[in-house]
Amino acid sequence: MNQIFLAHEWLLPLIPFVVAFLSVCWIHPRLVKLAYLKGIVDNPDQRKLQRRPVPVLGGVAVFFGLALGAGVVSPFYDSSQMVMILASMTVMLYIGTMDDILELSPGFRLFVEIFCVLLLILVGGLVINHFHGLWGVGALPYWWCSALLTVLSAVGIINAINLIDGVNGLSSGFCIMACAEFGGFFYCAGDITMVLLAAGCIGALIPFFFHNVFGKTSRMFIGDGGTLVMGLVMSVFVIHVLDSGSLCAVFAPEGFGLIPFALAVLAVPVFDTLRVMSVRVKNRVSPFHPDKTHLHHLFIDLGFSHIGTTLSILFLNALVVGTFWVLYAVGVSISGQFYAVVALSFLVTFGLYYLVRWNERRNTRFYRMLLRLGKASQFERKGLFLRFQFFLDRI
């Protein structure tokens, strides 16, 4: 049986994708009913963008599909590492879902995030231990340096993914795109474990994304349970890309910047989180204090619809990734790739935010043009959208 699957290994990722997709399609409407029945909803307030209570069990639906997809294919590859990854994801799901319902303290959540990352390091053996030629640096000299870098990077990524969950479809749409980018790279490198994880994530997220964007009575939020799980997945992907013992390190051609690549894929959430948290600290406010200063709030203030905001931010991130690939293709050094990715990431987050706010205060022609673009994005209330909404709500 294993030999049959090895002979058709390129088909193997379709199994977790299909299983996860169908599982989420089945459980999603049932979780919506359960959430309304038990009052597990996100209620509107002055900071939030929805106008009515919305169920927050989307993360449970996504994890359900992802876990089933990973479990079905586990006999056909060495799944020992996946066990620890799923265990850490389960902890994150429980803590995130509890936070959605009970509102846990940021300090306790941070403690759990660090604990889960340490599990991946100490038990799973996942660690960032190599700079892969950036600034001429190779292997890190001490184990504790690698562990500290891994914890800081992973916790930062988890919170970055958590904080972009502000408009319908943004966090799930971004994670679909990031999983496709990482998954394609893992596929070329032959890292079947990570390919299957990425395929399962995409399959689980797609039906949730459609309900989240197009649904009305069937809409759920992914909640902290879902964003913490997906943040952990993104962290695992980055660690695998940068681990000196991974297949990615062996596969990467000369001149290919692994660190710039990973940073480009996560550019907008990472740099927007840096911007928001640095401003909060500057204003002597807790970096975890919620507000309405994220990039997606900027687009909403310009009159963009939720789907218009999501597509705009995904385009900005795709621009950074595309720029990285162009720089690599024309032979720019790894350090040059890194500086360019960082500079462009600053431009599409810090630069764009403050440029628009500056023009807003002066009501410039540029600002009025952006308002017209925002108005043009309001296609969510028109024929085809409404028909698809009716279809999803009837499933």
# chains A, B, ... in the order shown; residues from 1 in each chain; ligands from 1
>>> residues_around(residues="region 294-307 of chain A", least_positions_apart="4", cutoff="6 Å", atoms="only C-alpha atoms", output="list of chain:residue names")
A:Val167, A:Asn168, A:Leu371, A:Gly374, A:Lys375, A:Ser377, A:Gln378
>>> residues_around(residues="region 91-106 of chain A", least_positions_apart="6", cutoff="10 Å", atoms="only C-alpha atoms", output="PyMOL selection string")
chain A and resi 39-42+55-60+63+112-113+115-116+162+222-232+286-289
>>> residues_around(residues="Lys216 (chain A)", least_positions_apart="3", cutoff="10 Å", atoms="only C-alpha atoms", output="ChimeraX atom specification")
/A:54,211-213,219-220,386,389-390,392-393
>>> write_last_selection(atoms="N, CA and C atoms", output="PDB file, in the first residue's frame")
ATOM      1  N   VAL A  54     -22.106  37.352  16.217  1.00  0.00           N
ATOM      2  CA  VAL A  54     -21.624  36.377  15.236  1.00  0.00           C
ATOM      3  C   VAL A  54     -20.938  35.239  15.987  1.00  0.00           C
ATOM      4  N   HIS A 211     -17.925  31.022   3.793  1.00  0.00           N
ATOM      5  CA  HIS A 211     -18.995  31.344   4.742  1.00  0.00           C
ATOM      6  C   HIS A 211     -18.717  32.675   5.445  1.00  0.00           C
ATOM      7  N   ASN A 212     -17.463  32.905   5.800  1.00  0.00           N
ATOM      8  CA  ASN A 212     -17.085  34.115   6.518  1.00  0.00           C
ATOM      9  C   ASN A 212     -17.280  35.362   5.671  1.00  0.00           C
ATOM     10  N   VAL A 213     -17.000  35.251   4.378  1.00  0.00           N
ATOM     11  CA  VAL A 213     -17.093  36.404   3.487  1.00  0.00           C
ATOM     12  C   VAL A 213     -18.500  36.583   2.942  1.00  0.00           C
ATOM     13  N   ARG A 219     -22.543  32.806   8.752  1.00  0.00           N
ATOM     14  CA  ARG A 219     -21.210  33.377   9.012  1.00  0.00           C
ATOM     15  C   ARG A 219     -20.723  33.023  10.406  1.00  0.00           C
ATOM     16  N   MET A 220     -19.445  32.672  10.499  1.00  0.00           N
ATOM     17  CA  MET A 220     -18.765  32.526  11.787  1.00  0.00           C
ATOM     18  C   MET A 220     -17.451  33.290  11.721  1.00  0.00           C
ATOM     19  N   LEU A 386     -25.255  38.431  -3.492  1.00  0.00           N
ATOM     20  CA  LEU A 386     -26.433  38.075  -2.702  1.00  0.00           C
ATOM     21  C   LEU A 386     -26.935  36.675  -3.039  1.00  0.00           C
ATOM     22  N   GLN A 389     -24.658  34.300  -1.333  1.00  0.00           N
ATOM     23  CA  GLN A 389     -24.967  34.356   0.096  1.00  0.00           C
ATOM     24  C   GLN A 389     -26.186  33.505   0.411  1.00  0.00           C
ATOM     25  N   PHE A 390     -27.220  33.623  -0.406  1.00  0.00           N
ATOM     26  CA  PHE A 390     -28.429  32.835  -0.208  1.00  0.00           C
ATOM     27  C   PHE A 390     -28.123  31.344  -0.304  1.00  0.00           C
ATOM     28  N   LEU A 392     -25.184  29.782   0.305  1.00  0.00           N
ATOM     29  CA  LEU A 392     -24.409  29.332   1.470  1.00  0.00           C
ATOM     30  C   LEU A 392     -25.274  29.245   2.718  1.00  0.00           C
ATOM     31  N   ASP A 393     -26.145  30.200   2.899  1.00  0.00           N
ATOM     32  CA  ASP A 393     -26.982  30.213   4.098  1.00  0.00           C
ATOM     33  C   ASP A 393     -28.004  29.081   4.087  1.00  0.00           C
TER      34      ASP A 393
END
>>> closest_residue(among="A:Phe131, A:Gly200, A:Leu148, A:Arg52", to="Ala20 (chain A)", atoms="only C-alpha atoms")
A:Gly200
>>> select_by_dssp(residues="region 30-182 of chain A", states="strand (DSSP E)", output="PDB file with N, CA, C and O atoms, in the first residue's frame")
ATOM      1  N   VAL A  41     -20.939  33.674  21.031  1.00  0.00           N
ATOM      2  CA  VAL A  41     -20.936  34.643  19.945  1.00  0.00           C
ATOM      3  C   VAL A  41     -20.074  35.845  20.319  1.00  0.00           C
ATOM      4  O   VAL A  41     -19.786  36.091  21.502  1.00  0.00           O
ATOM      5  N   ASP A  42     -19.654  36.562  19.289  1.00  0.00           N
ATOM      6  CA  ASP A  42     -18.926  37.811  19.473  1.00  0.00           C
ATOM      7  C   ASP A  42     -19.932  38.951  19.346  1.00  0.00           C
ATOM      8  O   ASP A  42     -20.505  39.171  18.273  1.00  0.00           O
ATOM      9  N   VAL A  54     -22.106  37.352  16.217  1.00  0.00           N
ATOM     10  CA  VAL A  54     -21.624  36.377  15.236  1.00  0.00           C
ATOM     11  C   VAL A  54     -20.938  35.239  15.987  1.00  0.00           C
ATOM     12  O   VAL A  54     -20.125  35.486  16.881  1.00  0.00           O
ATOM     13  N   PRO A  55     -21.248  33.971  15.651  1.00  0.00           N
ATOM     14  CA  PRO A  55     -20.578  32.829  16.307  1.00  0.00           C
ATOM     15  C   PRO A  55     -19.065  32.892  16.145  1.00  0.00           C
ATOM     16  O   PRO A  55     -18.555  33.375  15.131  1.00  0.00           O
TER      17      PRO A  55
END
>>> closest_residue(among="A:Leu344, A:Val276, A:Leu197, A:Val236", to="Ala264 (chain A)", atoms="only C-alpha atoms")
A:Leu344
>>> residues_around(residues="Leu242 (chain A)", least_positions_apart="2", cutoff="6 Å", atoms="only C-alpha atoms", output="list in words")
Ile128, Ile239 and His240 of chain A
>>> write_last_selection(atoms="C-alpha atoms", output="CSV table (one decimal), in the first residue's frame")
chain,number,residue,atom,x,y,z
A,128,ILE,CA,15.7,28.1,13.8
A,239,ILE,CA,11.0,27.1,11.4
A,240,HIS,CA,11.1,24.3,8.8
>>> residues_around(residues="region 190-196 of chain A", least_positions_apart="6", cutoff="8 Å", atoms="only C-alpha atoms", output="JSON, numbers by chain")
{"A": [12, 13, 16, 70, 77, 78, 79, 82, 183, 184, 237, 247, 248]}
>>> select_by_dssp(residues="region 292-381 of chain A", states="helix (DSSP H, G or I)", output="count of residues only")
72
>>> residues_around(residues="Leu327 (chain A)", least_positions_apart="2", cutoff="10 Å", atoms="only C-alpha atoms", output="short mmCIF file (atom, residue, chain, number, x, y, z; two decimals) with all heavy atoms, in the first residue's frame")
data_model
loop_
_atom_site.label_atom_id
_atom_site.label_comp_id
_atom_site.auth_asym_id
_atom_site.auth_seq_id
_atom_site.Cartn_x
_atom_site.Cartn_y
_atom_site.Cartn_z
N PHE A 256 19.46 31.92 -3.09
CA PHE A 256 18.05 32.00 -2.68
C PHE A 256 18.00 32.32 -1.19
O PHE A 256 18.44 31.52 -0.36
CB PHE A 256 17.33 30.69 -2.97
CG PHE A 256 15.84 30.74 -2.71
CD1 PHE A 256 14.96 31.09 -3.71
CD2 PHE A 256 15.32 30.44 -1.45
CE1 PHE A 256 13.59 31.13 -3.49
CE2 PHE A 256 13.97 30.48 -1.21
CZ PHE A 256 13.09 30.82 -2.23
N GLY A 257 17.44 33.46 -0.85
CA GLY A 257 17.39 33.89 0.55
C GLY A 257 16.21 33.27 1.29
O GLY A 257 15.07 33.70 1.09
N GLY A 322 6.17 38.86 -4.68
CA GLY A 322 6.58 38.95 -6.08
C GLY A 322 7.89 39.70 -6.24
O GLY A 322 8.74 39.31 -7.07
N THR A 323 8.07 40.75 -5.46
CA THR A 323 9.32 41.52 -5.51
C THR A 323 10.49 40.65 -5.08
O THR A 323 11.58 40.70 -5.70
CB THR A 323 9.23 42.75 -4.61
OG1 THR A 323 8.15 43.58 -5.05
CG2 THR A 323 10.52 43.55 -4.64
N PHE A 324 10.31 39.84 -4.05
CA PHE A 324 11.38 38.93 -3.62
C PHE A 324 11.79 38.01 -4.76
O PHE A 324 12.98 37.82 -5.04
CB PHE A 324 10.93 38.10 -2.42
CG PHE A 324 11.76 36.87 -2.23
CD1 PHE A 324 13.03 36.95 -1.67
CD2 PHE A 324 11.30 35.62 -2.66
CE1 PHE A 324 13.82 35.81 -1.53
CE2 PHE A 324 12.08 34.49 -2.52
CZ PHE A 324 13.35 34.58 -1.96
N TRP A 325 10.81 37.41 -5.44
CA TRP A 325 11.13 36.46 -6.52
C TRP A 325 11.84 37.16 -7.67
O TRP A 325 12.75 36.59 -8.29
CB TRP A 325 9.85 35.78 -7.01
CG TRP A 325 9.41 34.67 -6.11
CD1 TRP A 325 8.37 34.70 -5.23
CD2 TRP A 325 10.01 33.37 -5.98
NE1 TRP A 325 8.27 33.51 -4.56
CE2 TRP A 325 9.26 32.67 -5.00
CE3 TRP A 325 11.09 32.74 -6.58
CZ2 TRP A 325 9.56 31.36 -4.62
CZ3 TRP A 325 11.39 31.43 -6.21
CH2 TRP A 325 10.64 30.77 -5.25
N ALA A 329 15.54 36.28 -8.99
CA ALA A 329 15.71 35.89 -10.40
C ALA A 329 16.78 36.71 -11.10
O ALA A 329 17.49 36.19 -11.97
CB ALA A 329 14.38 36.04 -11.14
N VAL A 330 16.93 37.99 -10.72
CA VAL A 330 17.94 38.84 -11.37
C VAL A 330 19.29 38.77 -10.68
O VAL A 330 20.23 39.47 -11.09
CB VAL A 330 17.45 40.30 -11.46
CG1 VAL A 330 16.17 40.38 -12.25
CG2 VAL A 330 17.27 40.91 -10.08
N GLY A 331 19.41 37.95 -9.64
CA GLY A 331 20.72 37.71 -9.03
C GLY A 331 21.12 38.64 -7.91
O GLY A 331 22.31 38.73 -7.58
N VAL A 332 20.15 39.33 -7.30
CA VAL A 332 20.46 40.19 -6.14
C VAL A 332 20.93 39.32 -4.99
O VAL A 332 20.42 38.21 -4.77
CB VAL A 332 19.23 41.02 -5.74
CG1 VAL A 332 19.48 41.81 -4.46
CG2 VAL A 332 18.83 41.95 -6.87
N SER A 333 21.89 39.79 -4.23
CA SER A 333 22.45 39.01 -3.11
C SER A 333 21.39 38.75 -2.05
O SER A 333 20.35 39.43 -1.99
CB SER A 333 23.62 39.75 -2.48
OG SER A 333 23.16 40.93 -1.82
N ILE A 334 21.66 37.77 -1.19
CA ILE A 334 20.71 37.44 -0.12
C ILE A 334 20.49 38.63 0.80
O ILE A 334 19.35 38.93 1.19
CB ILE A 334 21.21 36.21 0.67
CG1 ILE A 334 21.17 34.96 -0.22
CG2 ILE A 334 20.36 35.99 1.92
CD1 ILE A 334 21.73 33.72 0.44
N GLY A 336 20.81 41.75 -0.05
CA GLY A 336 20.01 42.71 -0.83
C GLY A 336 18.55 42.33 -0.86
O GLY A 336 17.66 43.19 -0.77
N GLN A 337 18.26 41.04 -1.00
CA GLN A 337 16.87 40.56 -0.96
C GLN A 337 16.24 40.92 0.38
O GLN A 337 15.08 41.39 0.43
CB GLN A 337 16.83 39.05 -1.18
CG GLN A 337 17.31 38.57 -2.53
CD GLN A 337 17.50 37.05 -2.55
OE1 GLN A 337 16.91 36.32 -1.76
NE2 GLN A 337 18.36 36.59 -3.45
N PHE A 338 16.97 40.69 1.44
CA PHE A 338 16.46 40.96 2.79
C PHE A 338 16.14 42.44 2.97
O PHE A 338 15.05 42.80 3.43
CB PHE A 338 17.47 40.50 3.83
CG PHE A 338 17.09 40.82 5.25
CD1 PHE A 338 16.17 40.03 5.93
CD2 PHE A 338 17.62 41.93 5.90
CE1 PHE A 338 15.81 40.32 7.24
CE2 PHE A 338 17.26 42.23 7.20
CZ PHE A 338 16.35 41.42 7.87
N ALA A 340 15.58 44.71 0.72
CA ALA A 340 14.48 45.13 -0.15
C ALA A 340 13.13 44.68 0.40
O ALA A 340 12.15 45.43 0.37
CB ALA A 340 14.70 44.57 -1.56
N VAL A 341 13.06 43.43 0.90
CA VAL A 341 11.82 42.93 1.48
C VAL A 341 11.42 43.75 2.70
O VAL A 341 10.25 44.13 2.87
CB VAL A 341 11.96 41.44 1.84
CG1 VAL A 341 10.81 40.98 2.74
CG2 VAL A 341 11.98 40.58 0.57
#
